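Participant: upload.cif is the file, holding mmCIF, C-alpha atoms and all ligand atoms:
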```
data_my_file
loop_
_atom_site.label_atom_id
_atom_site.label_comp_id
_atom_site.auth_asym_id
_atom_site.auth_seq_id
_atom_site.Cartn_x
_atom_site.Cartn_y
_atom_site.Cartn_z
CA MET A 199 17.91 21.84 10.03
CA LYS A 200 20.67 19.56 8.83
CA ILE A 201 20.41 15.83 9.43
CA LEU A 202 23.31 13.48 8.76
CA ILE A 203 22.44 9.78 8.55
CA LYS A 204 25.68 7.88 8.95
CA ASN A 205 26.80 4.31 8.28
CA GLY A 206 23.48 3.16 6.85
CA HIS A 207 23.05 0.80 3.92
CA ILE A 208 21.61 3.08 1.26
CA LEU A 209 19.19 1.49 -1.19
CA ASP A 210 18.13 3.69 -4.07
CA PRO A 211 16.84 2.02 -7.24
CA ALA A 212 16.72 5.33 -9.13
CA THR A 213 20.48 5.85 -8.89
CA ASN A 214 21.33 2.17 -8.47
CA THR A 215 22.97 2.91 -5.12
CA ASP A 216 23.44 -0.14 -2.91
CA GLY A 217 26.08 0.26 -0.21
CA ILE A 218 27.22 1.70 3.09
CA LEU A 219 27.09 5.45 2.61
CA ASP A 220 26.18 8.61 4.46
CA LEU A 221 23.20 10.74 3.60
CA LEU A 222 22.91 14.45 4.27
CA ILE A 223 19.58 16.22 4.52
CA GLU A 224 19.33 20.00 4.53
CA GLU A 225 15.93 21.50 5.26
CA ASP A 226 13.48 19.51 3.14
CA THR A 227 15.98 18.30 0.56
CA ILE A 228 18.49 15.50 0.16
CA LYS A 229 21.80 17.29 -0.14
CA ALA A 230 24.35 14.58 -0.64
CA VAL A 231 25.01 10.85 -0.58
CA GLY A 232 28.67 10.27 0.16
CA THR A 233 31.15 7.50 0.58
CA LYS A 234 32.61 6.86 3.98
CA GLY A 235 36.05 6.80 2.44
CA LYS A 236 35.92 10.44 1.51
CA GLU A 237 35.17 11.38 5.04
CA HIS A 238 37.90 12.31 7.46
CA LYS A 239 38.47 14.74 10.26
CA GLY A 240 38.47 18.30 9.11
CA THR A 241 36.13 17.81 6.17
CA GLU A 242 33.38 16.12 8.15
CA VAL A 243 30.10 17.86 7.54
CA SER A 244 28.46 19.56 10.46
CA ALA A 245 24.85 18.71 11.18
CA ASP A 246 22.23 19.61 13.77
CA ARG A 247 21.43 15.96 14.19
CA VAL A 248 23.62 12.95 13.48
CA ILE A 249 21.87 9.60 13.21
CA ASP A 250 23.81 6.35 13.33
CA ALA A 251 22.05 3.96 10.94
CA LYS A 252 24.59 1.17 11.31
CA ASP A 253 23.13 -2.21 10.25
CA CYS A 254 20.01 -0.50 8.93
CA TYR A 255 18.73 0.06 5.42
CA VAL A 256 18.21 3.69 4.46
CA MET A 257 15.46 3.79 1.84
CA PRO A 258 13.46 6.41 0.01
CA GLY A 259 10.25 6.88 2.02
CA LEU A 260 7.75 4.10 1.42
CA ILE A 261 4.69 4.94 -0.66
CA ASP A 262 1.40 3.12 -0.11
CA LEU A 263 -0.87 3.26 -3.14
CA HIS A 264 -3.87 1.85 -1.29
CA VAL A 265 -5.13 3.05 2.09
CA HIS A 266 -8.59 3.56 3.59
CA LEU A 267 -8.43 6.52 5.96
CA ARG A 268 -12.20 6.57 6.73
CA ASP A 269 -12.14 10.36 6.99
CA PRO A 270 -14.67 11.97 6.44
CA GLY A 271 -17.60 9.96 7.72
CA PHE A 272 -16.17 6.94 9.48
CA THR A 273 -13.81 8.64 11.90
CA HIS A 274 -14.73 6.09 14.58
CA LYS A 275 -12.64 3.64 12.50
CA GLU A 276 -9.70 5.90 11.56
CA THR A 277 -8.95 9.56 10.93
CA ILE A 278 -6.53 11.33 8.65
CA GLU A 279 -4.47 12.03 11.77
CA THR A 280 -4.36 8.48 13.18
CA GLY A 281 -3.93 6.93 9.74
CA GLY A 282 -1.05 9.32 9.13
CA LEU A 283 0.60 8.32 12.41
CA ALA A 284 0.17 4.63 11.59
CA ALA A 285 1.69 5.23 8.17
CA ALA A 286 4.70 7.00 9.67
CA LYS A 287 5.22 4.13 12.11
CA GLY A 288 5.06 1.75 9.17
CA GLY A 289 7.74 3.67 7.27
CA PHE A 290 5.35 5.28 4.78
CA THR A 291 5.91 8.90 3.84
CA THR A 292 3.14 9.13 1.24
CA ILE A 293 -0.20 7.34 1.25
CA CYS A 294 -2.98 7.31 -1.33
CA ALA A 295 -6.43 7.47 0.24
CA MET A 296 -9.32 5.60 -1.35
CA PRO A 297 -12.54 7.57 -1.86
CA ASN A 298 -15.08 5.21 -0.21
CA THR A 299 -15.70 7.58 2.68
CA ASN A 300 -18.91 9.38 3.64
CA PRO A 301 -19.44 11.44 1.63
CA VAL A 302 -17.64 9.65 -1.18
CA ILE A 303 -14.79 11.77 -2.55
CA ASP A 304 -16.22 12.40 -5.99
CA ASN A 305 -15.76 16.12 -6.66
CA ARG A 306 -13.25 18.95 -6.51
CA ASP A 307 -14.39 20.40 -3.17
CA ARG A 308 -14.21 17.09 -1.36
CA VAL A 309 -10.70 16.40 -2.64
CA GLY A 310 -9.72 19.89 -1.53
CA PHE A 311 -11.22 19.21 1.90
CA VAL A 312 -9.15 16.07 2.43
CA HIS A 313 -5.95 17.63 1.10
CA ARG A 314 -6.33 20.70 3.33
CA LYS A 315 -7.19 18.59 6.36
CA ALA A 316 -4.27 16.26 5.71
CA ALA A 317 -1.86 19.20 5.38
CA VAL A 318 -2.78 20.17 8.94
CA GLU A 319 -3.43 16.81 10.62
CA SER A 320 -1.29 14.18 8.92
CA VAL A 321 2.44 13.76 9.51
CA VAL A 322 2.78 12.02 6.13
CA ASN A 323 1.75 13.13 2.65
CA VAL A 324 -1.80 12.17 1.76
CA LEU A 325 -2.91 11.98 -1.85
CA GLN A 326 -6.62 11.55 -2.29
CA ILE A 327 -7.88 9.24 -5.03
CA GLY A 328 -11.17 10.29 -6.62
CA ALA A 329 -14.18 8.10 -7.24
CA VAL A 330 -15.02 7.07 -10.79
CA THR A 331 -18.76 7.58 -10.35
CA GLU A 332 -20.80 10.00 -8.26
CA GLY A 333 -21.28 8.57 -4.78
CA GLN A 334 -19.76 5.34 -6.11
CA ASN A 335 -23.30 4.60 -7.20
CA GLY A 336 -22.34 3.44 -10.67
CA GLU A 337 -24.80 5.81 -12.37
CA TYR A 338 -23.01 9.00 -13.42
CA VAL A 339 -19.34 9.74 -13.99
CA ALA A 340 -17.85 11.80 -11.12
CA ASP A 341 -16.25 15.26 -11.43
CA ILE A 342 -13.00 13.79 -12.76
CA ALA A 343 -11.68 17.00 -14.36
CA GLY A 344 -12.34 19.01 -11.19
CA MET A 345 -10.66 16.42 -8.99
CA ALA A 346 -7.68 16.31 -11.35
CA GLU A 347 -7.24 20.05 -10.85
CA GLU A 348 -7.20 19.48 -7.08
CA GLY A 349 -4.29 17.05 -7.52
CA ILE A 350 -5.65 13.51 -7.41
CA PRO A 351 -3.22 11.06 -9.00
CA ALA A 352 -5.90 8.54 -9.99
CA VAL A 353 -9.55 7.59 -9.91
CA SER A 354 -10.85 4.38 -8.36
CA GLU A 355 -14.16 2.84 -7.38
CA ASP A 356 -12.34 0.75 -4.75
CA GLY A 357 -14.54 -1.31 -2.53
CA LYS A 358 -16.27 -2.49 -5.68
CA SER A 359 -16.04 -2.42 -9.47
CA VAL A 360 -17.96 -0.16 -11.81
CA MET A 361 -20.19 -2.90 -13.14
CA ASP A 362 -21.53 -0.92 -16.12
CA ALA A 363 -18.73 -1.28 -18.67
CA LYS A 364 -19.97 1.58 -20.85
CA LEU A 365 -20.01 3.99 -17.92
CA TYR A 366 -16.59 2.80 -16.76
CA PHE A 367 -15.23 3.31 -20.27
CA LYS A 368 -16.55 6.89 -20.21
CA GLY A 369 -14.84 7.49 -16.85
CA MET A 370 -11.62 5.94 -18.14
CA LYS A 371 -11.59 8.27 -21.12
CA GLN A 372 -12.07 11.29 -18.86
CA ALA A 373 -9.27 10.04 -16.61
CA ALA A 374 -7.01 9.70 -19.65
CA ALA A 375 -7.92 13.19 -20.89
CA ASN A 376 -6.95 14.60 -17.49
CA GLY A 377 -3.64 12.76 -17.21
CA LEU A 378 -4.87 10.38 -14.51
CA ARG A 379 -4.65 6.63 -13.97
CA VAL A 380 -7.43 4.23 -13.07
CA PHE A 381 -6.95 2.05 -9.99
CA ALA A 382 -9.13 -1.02 -10.42
CA HIS A 383 -10.73 -3.10 -7.69
CA CYS A 384 -11.71 -6.17 -9.69
CA GLU A 385 -14.81 -7.98 -8.52
CA GLU A 386 -17.81 -9.19 -10.51
CA LYS A 387 -20.65 -8.49 -8.12
CA SER A 388 -22.99 -11.15 -9.44
CA LEU A 389 -20.38 -13.87 -8.97
CA VAL A 390 -19.42 -12.79 -5.46
CA GLY A 391 -22.99 -12.71 -4.15
CA ASN A 392 -22.86 -13.10 -0.38
CA GLY A 393 -19.49 -14.88 -0.49
CA VAL A 394 -17.08 -14.25 2.37
CA MET A 395 -14.25 -16.71 1.73
CA HIS A 396 -12.29 -18.15 -1.19
CA LYS A 397 -13.91 -21.12 -2.94
CA SER A 398 -12.06 -23.98 -1.29
CA GLN A 399 -12.21 -27.13 0.81
CA ARG A 400 -11.84 -24.90 3.90
CA ALA A 401 -14.90 -22.84 3.01
CA LYS A 402 -16.90 -26.02 2.48
CA GLU A 403 -15.76 -27.44 5.83
CA MET A 404 -16.72 -24.17 7.50
CA GLY A 405 -19.98 -23.95 5.61
CA LEU A 406 -19.33 -20.41 4.42
CA PRO A 407 -20.43 -18.92 1.08
CA GLU A 408 -17.61 -18.75 -1.42
CA ILE A 409 -15.85 -16.30 -3.76
CA SER A 410 -14.33 -17.90 -6.87
CA HIS A 411 -11.17 -17.00 -8.76
CA ALA A 412 -13.40 -16.09 -11.68
CA ALA A 413 -15.17 -13.38 -9.67
CA GLU A 414 -11.88 -11.44 -9.73
CA ASP A 415 -10.39 -12.68 -13.00
CA VAL A 416 -13.23 -11.80 -15.34
CA ILE A 417 -13.04 -8.15 -14.23
CA VAL A 418 -9.24 -8.07 -14.46
CA ALA A 419 -9.63 -9.17 -18.08
CA ARG A 420 -12.45 -6.72 -18.77
CA ASP A 421 -10.66 -3.77 -17.21
CA ILE A 422 -7.43 -4.43 -19.13
CA LEU A 423 -9.39 -4.51 -22.40
CA LEU A 424 -11.39 -1.40 -21.54
CA ALA A 425 -8.31 0.55 -20.43
CA LYS A 426 -6.45 -0.40 -23.58
CA GLU A 427 -9.26 0.97 -25.70
CA ALA A 428 -9.66 4.08 -23.55
CA GLY A 429 -5.92 4.74 -23.65
CA VAL A 430 -5.66 5.13 -19.87
CA PRO A 431 -2.94 3.67 -17.63
CA LEU A 432 -4.58 0.97 -15.54
CA HIS A 433 -3.39 -0.12 -12.11
CA ILE A 434 -4.84 -3.38 -10.84
CA CYS A 435 -5.38 -3.24 -7.09
CA HIS A 436 -4.74 -6.17 -4.74
CA VAL A 437 -4.20 -8.94 -7.29
CA SER A 438 -4.88 -12.18 -5.42
CA THR A 439 -5.08 -14.87 -8.10
CA ALA A 440 -2.61 -16.73 -10.32
CA GLY A 441 -4.91 -15.91 -13.23
CA GLY A 442 -4.62 -12.20 -12.48
CA VAL A 443 -0.83 -12.40 -12.57
CA LYS A 444 -0.99 -14.19 -15.91
CA MET A 445 -3.25 -11.57 -17.42
CA VAL A 446 -1.10 -8.68 -16.20
CA ALA A 447 1.95 -10.40 -17.72
CA LEU A 448 0.13 -10.86 -21.00
CA ALA A 449 -1.05 -7.24 -21.06
CA LYS A 450 2.48 -5.99 -20.37
CA LYS A 451 3.80 -8.15 -23.19
CA GLY A 452 1.25 -6.54 -25.45
CA ASN A 453 2.50 -3.09 -24.42
CA ILE A 454 -0.75 -2.21 -22.67
CA LYS A 455 -0.17 0.38 -19.94
CA VAL A 456 -0.94 -1.79 -16.94
CA THR A 457 0.64 -2.03 -13.50
CA ALA A 458 -0.36 -4.11 -10.49
CA GLU A 459 -0.06 -4.32 -6.74
CA VAL A 460 -0.32 -7.14 -4.23
CA CYS A 461 -0.99 -6.90 -0.51
CA PRO A 462 1.19 -8.47 2.18
CA HIS A 463 -1.69 -10.64 3.44
CA HIS A 464 -2.13 -12.19 0.00
CA PHE A 465 1.52 -13.25 -0.29
CA THR A 466 1.81 -14.29 3.37
CA LEU A 467 -1.38 -16.26 4.02
CA SER A 468 -3.57 -18.69 2.09
CA VAL A 469 -7.13 -19.82 2.72
CA ASN A 470 -5.66 -22.80 4.60
CA ASP A 471 -4.50 -20.42 7.34
CA ILE A 472 -8.11 -19.77 8.26
CA LYS A 473 -8.42 -22.21 11.14
CA LYS A 474 -11.69 -20.95 12.56
CA ASP A 475 -14.46 -18.43 11.89
CA ASP A 476 -12.34 -15.32 12.49
CA PRO A 477 -13.33 -12.00 10.84
CA ASN A 478 -9.70 -10.84 11.02
CA PHE A 479 -9.18 -13.22 8.11
CA LYS A 480 -12.00 -11.68 6.10
CA MET A 481 -10.92 -9.28 3.40
CA ASN A 482 -11.76 -8.52 -0.20
CA PRO A 483 -10.36 -10.10 -2.28
CA PRO A 484 -10.11 -13.11 0.05
CA LEU A 485 -7.09 -15.21 1.00
CA ARG A 486 -6.64 -17.65 -1.89
CA ASP A 487 -5.03 -21.05 -2.56
CA PRO A 488 -1.35 -21.78 -1.82
CA GLU A 489 -0.83 -21.94 -5.62
CA ASP A 490 -2.05 -18.34 -5.88
CA VAL A 491 0.33 -17.26 -3.11
CA GLU A 492 3.21 -18.81 -5.04
CA ALA A 493 2.13 -17.11 -8.27
CA LEU A 494 1.98 -13.72 -6.54
CA LYS A 495 5.51 -14.16 -5.17
CA LYS A 496 6.80 -15.24 -8.57
CA GLY A 497 5.01 -12.30 -10.16
CA LEU A 498 6.71 -9.92 -7.74
CA ALA A 499 10.14 -11.45 -8.29
CA GLU A 500 9.76 -11.34 -12.08
CA GLY A 501 8.55 -7.76 -12.18
CA ILE A 502 5.04 -8.60 -13.38
CA ILE A 503 3.70 -7.20 -10.12
CA ASP A 504 5.07 -3.69 -9.67
CA ALA A 505 4.07 -2.72 -6.16
CA ILE A 506 3.23 -3.84 -2.66
CA ALA A 507 0.30 -1.91 -1.18
CA THR A 508 -1.52 -2.47 2.08
CA ASP A 509 -5.26 -1.98 1.44
CA HIS A 510 -5.21 -0.75 5.05
CA ALA A 511 -8.88 -1.13 6.00
CA PRO A 512 -9.57 -0.35 9.65
CA HIS A 513 -12.83 -1.45 11.25
CA THR A 514 -13.98 -1.30 14.87
CA MET A 515 -13.73 -4.18 17.35
CA GLN A 516 -17.54 -4.27 17.51
CA GLU A 517 -17.85 -4.64 13.74
CA LYS A 518 -15.17 -7.32 13.63
CA GLY A 519 -16.29 -8.97 16.86
CA VAL A 520 -18.92 -11.07 15.13
CA SER A 521 -18.82 -14.00 12.69
CA MET A 522 -17.21 -13.92 9.25
CA MET A 523 -20.69 -13.77 7.77
CA GLY A 524 -21.59 -10.59 9.67
CA ALA A 525 -18.29 -8.68 9.72
CA PRO A 526 -17.14 -6.16 7.11
CA PHE A 527 -14.29 -7.00 4.73
CA GLY A 528 -10.83 -5.64 5.45
CA ILE A 529 -7.76 -5.68 7.67
CA VAL A 530 -5.26 -3.02 8.76
CA GLY A 531 -1.85 -3.08 7.14
CA LEU A 532 0.17 0.10 7.51
CA GLU A 533 2.11 -1.02 10.58
CA THR A 534 2.88 -4.56 9.42
CA ALA A 535 3.60 -4.22 5.69
CA ALA A 536 7.34 -3.55 5.76
CA ALA A 537 8.01 -6.31 8.30
CA LEU A 538 5.88 -8.85 6.42
CA THR A 539 7.55 -7.94 3.14
CA TYR A 540 10.99 -8.30 4.66
CA THR A 541 10.14 -11.52 6.50
CA GLU A 542 8.21 -13.30 3.76
CA LEU A 543 10.02 -12.03 0.67
CA VAL A 544 13.47 -10.62 1.40
CA ASP A 545 14.55 -12.92 4.21
CA LYS A 546 13.29 -15.89 2.17
CA LYS A 547 15.19 -14.69 -0.91
CA VAL A 548 12.16 -14.07 -3.09
CA LEU A 549 13.16 -10.42 -3.45
CA THR A 550 16.42 -8.59 -2.90
CA PRO A 551 16.41 -5.66 -0.46
CA MET A 552 16.64 -3.37 -3.51
CA GLN A 553 13.54 -4.99 -5.02
CA MET A 554 11.70 -4.40 -1.75
CA VAL A 555 12.42 -0.68 -2.18
CA GLU A 556 11.32 -0.87 -5.82
CA LYS A 557 7.99 -2.42 -4.83
CA MET A 558 7.34 -0.16 -1.86
CA SER A 559 8.70 3.20 -2.99
CA TYR A 560 10.30 3.58 -6.42
CA ASN A 561 7.58 1.87 -8.50
CA PRO A 562 4.66 3.30 -6.54
CA ALA A 563 6.09 6.79 -7.17
CA LYS A 564 6.32 6.07 -10.87
CA ILE A 565 2.78 4.71 -10.96
CA ILE A 566 1.35 7.96 -9.58
CA GLY A 567 3.70 10.12 -11.65
CA SER A 568 5.57 11.41 -8.61
CA SER A 569 9.22 12.47 -8.50
CA LYS A 570 9.53 10.85 -5.05
CA GLY A 571 10.77 7.31 -4.44
CA THR A 572 14.46 8.22 -4.68
CA LEU A 573 17.30 9.43 -2.49
CA ALA A 574 19.06 11.26 -5.33
CA PRO A 575 20.50 14.64 -4.26
CA GLY A 576 17.98 17.38 -4.91
CA SER A 577 15.01 15.13 -4.10
CA ILE A 578 12.53 15.84 -1.34
CA ALA A 579 13.90 14.31 1.88
CA ASP A 580 11.40 11.50 2.46
CA VAL A 581 13.45 8.74 4.07
CA THR A 582 12.80 5.48 5.90
CA ILE A 583 15.36 3.79 8.13
CA PHE A 584 14.63 0.09 8.42
CA ASP A 585 16.38 -2.38 10.70
CA PRO A 586 16.30 -5.87 9.15
CA ARG A 587 17.78 -7.54 12.25
CA ALA A 588 14.99 -6.71 14.70
CA GLU A 589 12.92 -9.80 15.53
CA TYR A 590 9.66 -9.52 17.40
CA ARG A 591 6.04 -10.55 17.51
CA ILE A 592 3.39 -8.29 15.97
CA ASP A 593 1.26 -6.85 18.76
CA ALA A 594 -2.02 -5.34 17.57
CA SER A 595 -2.56 -3.69 20.96
CA LYS A 596 0.41 -1.45 20.19
CA PHE A 597 -0.90 -0.21 16.84
CA VAL A 598 -1.31 3.55 16.58
CA SER A 599 -4.00 2.98 13.98
CA MET A 600 -7.46 2.96 15.52
CA GLY A 601 -7.95 -0.41 13.83
CA ARG A 602 -6.86 -3.62 15.53
CA ASN A 603 -8.26 -5.92 12.86
CA THR A 604 -5.29 -7.98 11.76
CA PRO A 605 -4.73 -11.70 11.23
CA PHE A 606 -1.07 -11.14 12.15
CA HIS A 607 -1.38 -10.50 15.90
CA GLY A 608 1.26 -12.64 17.61
CA ARG A 609 3.08 -13.50 14.39
CA LYS A 610 6.86 -13.56 14.52
CA VAL A 611 8.50 -11.19 12.06
CA LYS A 612 11.85 -9.68 11.20
CA GLY A 613 12.39 -6.05 10.32
CA LEU A 614 11.42 -2.84 12.08
CA VAL A 615 11.06 0.75 10.97
CA ARG A 616 13.45 2.77 13.13
CA MET A 617 12.79 6.21 11.71
CA THR A 618 10.59 7.97 9.19
CA ILE A 619 11.48 11.37 7.78
CA VAL A 620 9.02 13.43 5.72
CA GLY A 621 10.30 16.50 3.92
CA GLY A 622 13.35 16.64 6.19
CA GLU A 623 11.30 16.32 9.40
CA ILE A 624 11.53 13.31 11.69
CA VAL A 625 7.90 12.24 12.04
CA TYR A 626 8.49 8.86 13.65
CA GLN A 627 11.28 7.40 15.70
CA ASP A 628 11.35 3.97 17.31
CA GLU A 629 11.79 4.26 21.08
CA ASN A 630 14.89 2.02 21.04
CA PHE A 631 16.64 3.95 18.31
CA ALA A 632 19.05 6.46 19.77
O1 LIG B 1 -11.20 -5.72 2.32
C1 LIG B 1 -11.56 -4.67 1.84
N1 LIG B 1 -11.87 -3.60 2.60
N2 LIG B 1 -11.66 -4.59 0.53
C2 LIG B 1 -12.19 -3.53 -0.08
O2 LIG B 1 -12.28 -3.53 -1.26
C3 LIG B 1 -12.72 -2.40 0.70
C4 LIG B 1 -12.06 -2.32 2.01
C5 LIG B 1 -12.78 -1.41 2.96
O3 LIG B 1 -13.07 -0.27 2.59
O4 LIG B 1 -13.02 -1.81 4.10
ZN ZN B 2 -10.39 -3.04 -3.19
ZN ZN B 3 -9.22 -1.04 -0.75
#
```
Could you render the structure from this file as structure tokens?
Facilitator:
Amino acid sequence: MKILIKNGHILDPATNTDGILDLLIEEDTIKAVGTKGKEHKGTEVSADRVIDAKDCYVMPGLIDLHVHLRDPGFTHKETIETGGLAAAKGGFTTICAMPNTNPVIDNRDRVGFVHRKAAVESVVNVLQIGAVTEGQNGEYVADIAGMAEEGIPAVSEDGKSVMDAKLYFKGMKQAAANGLRVFAHCEEKSLVGNGVMHKSQRAKEMGLPEISHAAEDVIVARDILLAKEAGVPLHICHVSTAGGVKMVALAKKGNIKVTAEVCPHHFTLSVNDIKKDDPNFKMNPPLRDPEDVEALKKGLAEGIIDAIATDHAPHTMQEKGVSMMGAPFGIVGLETAAALTYTELVDKKVLTPMQMVEKMSYNPAKIIGSSKGTLAPGSIADVTIFDPRAEYRIDASKFVSMGRNTPFHGRKVKGLVRMTIVGGEIVYQDENFA
């Protein structure tokens, strides 16, 4: 099948392409990116499907480094299939699945299970991330070599930190020996305690137990130092504090192999947006101070923060239908990330459209050592068509994810994914996009 995407605004950081051009896909490969000028009757390429992408950005498929698919074990919250559909609707063509499922993905066979299941059930590419320790119990290092052979790009204990530094160091060295990265969820358990909300005036007014900056920052510092010594590339997940940004900047200056991601909720909302006890505002790490939000945006703009990832964390209505004290941490993000990034960062001139693509596709690909994240001819045809003009209100009832837990229901945003193409196949198309 040949697909010709015409008149779109092509954004490709890898080739520094930024202009109105046509893109030709043949089977699963990007065949050509051409100028309109060269096109005239007689030489026009024939295609099975011609898509008019006028006024839209045509981007390399978005890559989400941080997703919770809940499959196996918590398929009442999300499955590989529904998570894949939500990803496609959100413009993502590759998603990295965190291992805190049941069972925890901590050995070769379990990685193989997810990858085989995803090949059948998911419309987007799923890359499983392996646990650092068996069962995420923090006692024994997991089967890192076996999981590496099954194709994991990284190991992570996400959901918590490996609190035993010696054990973590051992896992980091094994990750390094197997060519993997470590994705770090940074949270000092003893400092978090039963906290549910950022340490702030709001938390005091609401009488809720608090989570300090330090609870995150001390582990960011520790993990950078450990990774440096272990010689493993470290990726800091969901940085939420100004201190975290500072430490990542410092580490990069010192030529330590560190990268970092932020989540849309952390650059869009602060703790002051929590107006009442609402579990849709409960996530880990929590929404921080306005000063942190500003630091995250600055970090993104200055290239200290490499990526935007969702930490898509679906939970059921029952689980989230209680108080902040009783509800689990986490919000869904796959279907709102691109719009929030465009609305909060690009439309407000924090990032250029090209930088949006860098943070959501090009850099994530580099972080996992993938050749994706580009529209260069010869690349796999993973493509996202994004309409920056569309204005609408986020409607959680229309999510294809099984999760409805979002603080963004009803929020006005700009920017809509019109089409998602994975390996030359159209896996999602917006109903109003002819
Ligand atoms: O908010 C969160 N939800 N943070 C995490 O670290 C884990 C995640 C989940 O699995 O629900
Ligand atoms: Zn996490
Ligand atoms: Zn997570």
Participant: To one decimal place in Å, what is the distance between CA of Pro586 in chain A and CA of Ile218 in chain A?
Facilitator: 14.6 Å
Participant: Quick one: of A:Gly528, A:Pro270, A:Pro301, A:Gly333, who's nearest to ligand ZN 2 (chain B), counting all atoms listed in the file?
Facilitator: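 Under the stated criterion, the closest residue is A:Gly528.
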Participant: I'd like the contact shell of His411 in chain A - 12 Å cut-off, only C-alpha atoms, skipping same-chain residues fewer than 2 positions apart - returned as a PyMOL selection string.
Facilitator: chain A and resi 384-386+389-390+393+395-398+408-409+413-418+437-443+483-487+489-490
Participant: I'd like the neighbourhood of Leu573 in chain A as a VMD selection string, where a residue qualifies if any of its atoms comes within 7 Å (using only C-alpha atoms), though same-chain residues fewer than 2 positions away should be ignored.
Facilitator: chain A and resid 210 228 258 575 577
Participant: Skip His313 in chain A itself and residues of its chain fewer than 2 positions away, then list as a PyMOL selection string all residues within 10 Å of it, counting all atoms listed in the file.
Facilitator: chain A and resi 278+307-311+315-320+323-326+348-350
Participant: What does the distance from CA of Cys461 in chain A to CA of His274 in chain A come to in Å, to one decimal?
Facilitator: 24.2 Å
Participant: Would you compute the distance between CA of Pro512 in chain A and CA of Ile434 in chain A? Give it in Å to one decimal.
Facilitator: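 Between these atoms lies a distance of 21.2 Å.
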Participant: Residues of chain A that approach ligand LIG 1 (chain B) to 6 Å or less, counting all atoms listed in the file: could you list each one with the shortest pair of atoms and its distance in Å to one decimal, rows by chain and increasing residue number, as a tab-separated table?
Facilitator:
```
residue	atom	partner	partner_atom	distance
A:His266	CA	B:LIG1	O3	6.0
A:Asp356	CA	B:LIG1	O2	5.5
A:Gly357	CA	B:LIG1	O2	3.4
A:Met481	CA	B:LIG1	O1	3.7
A:Asn482	CA	B:LIG1	O1	3.8
A:Ala511	CA	B:LIG1	O4	4.6
A:Phe527	CA	B:LIG1	O1	4.1
A:Gly528	CA	B:LIG1	O1	3.2
```
Participant: Can you spit out the residues from that selection as a short mmCIF file (atom, residue, chain, number, x, y, z; two decimals), keeping the file's coordinate frame, using C-alpha atoms?
Facilitator:
```
data_model
loop_
_atom_site.label_atom_id
_atom_site.label_comp_id
_atom_site.auth_asym_id
_atom_site.auth_seq_id
_atom_site.Cartn_x
_atom_site.Cartn_y
_atom_site.Cartn_z
CA HIS A 266 -8.59 3.56 3.59
CA ASP A 356 -12.34 0.75 -4.75
CA GLY A 357 -14.54 -1.31 -2.53
CA MET A 481 -10.92 -9.28 3.40
CA ASN A 482 -11.76 -8.52 -0.20
CA ALA A 511 -8.88 -1.13 6.00
CA PHE A 527 -14.29 -7.00 4.73
CA GLY A 528 -10.83 -5.64 5.45
#
```
Participant: Please tell me which residues are no farther than 6 Å from (-15.6, -21.7, 12.1) in the file, counting all atoms listed in the file, and write them as a PyMOL selection string.
Facilitator: chain A and resi 404+474-475
Participant: Reconstruct N, CA and C atoms of range 571-580 of chain A from the incomplete input and present them as a PDB file, keeping the file's coordinate frame.
Facilitator:
```pdb
ATOM      1  N   GLY A 571      10.311   8.682  -4.257  1.00  0.00           N
ATOM      2  CA  GLY A 571      10.770   7.310  -4.440  1.00  0.00           C
ATOM      3  C   GLY A 571      12.248   7.202  -4.757  1.00  0.00           C
ATOM      4  N   THR A 572      13.016   8.251  -4.454  1.00  0.00           N
ATOM      5  CA  THR A 572      14.460   8.220  -4.680  1.00  0.00           C
ATOM      6  C   THR A 572      15.188   9.023  -3.601  1.00  0.00           C
ATOM      7  N   LEU A 573      16.459   8.687  -3.425  1.00  0.00           N
ATOM      8  CA  LEU A 573      17.300   9.430  -2.490  1.00  0.00           C
ATOM      9  C   LEU A 573      18.323  10.286  -3.247  1.00  0.00           C
ATOM     10  N   ALA A 574      18.108  10.483  -4.521  1.00  0.00           N
ATOM     11  CA  ALA A 574      19.060  11.260  -5.330  1.00  0.00           C
ATOM     12  C   ALA A 574      19.148  12.693  -4.801  1.00  0.00           C
ATOM     13  N   PRO A 575      20.354  13.245  -4.717  1.00  0.00           N
ATOM     14  CA  PRO A 575      20.500  14.640  -4.260  1.00  0.00           C
ATOM     15  C   PRO A 575      19.583  15.568  -5.051  1.00  0.00           C
ATOM     16  N   GLY A 576      18.941  16.469  -4.300  1.00  0.00           N
ATOM     17  CA  GLY A 576      17.980  17.380  -4.910  1.00  0.00           C
ATOM     18  C   GLY A 576      16.540  16.925  -4.716  1.00  0.00           C
ATOM     19  N   SER A 577      16.373  15.633  -4.323  1.00  0.00           N
ATOM     20  CA  SER A 577      15.010  15.130  -4.100  1.00  0.00           C
ATOM     21  C   SER A 577      14.481  15.609  -2.752  1.00  0.00           C
ATOM     22  N   ILE A 578      13.168  15.568  -2.628  1.00  0.00           N
ATOM     23  CA  ILE A 578      12.530  15.840  -1.340  1.00  0.00           C
ATOM     24  C   ILE A 578      13.011  14.777  -0.330  1.00  0.00           C
ATOM     25  N   ALA A 579      13.321  15.226   0.886  1.00  0.00           N
ATOM     26  CA  ALA A 579      13.900  14.310   1.880  1.00  0.00           C
ATOM     27  C   ALA A 579      12.831  13.484   2.590  1.00  0.00           C
ATOM     28  N   ASP A 580      12.292  12.509   1.875  1.00  0.00           N
ATOM     29  CA  ASP A 580      11.400  11.500   2.460  1.00  0.00           C
ATOM     30  C   ASP A 580      12.239  10.233   2.588  1.00  0.00           C
TER      31      ASP A 580
END
```
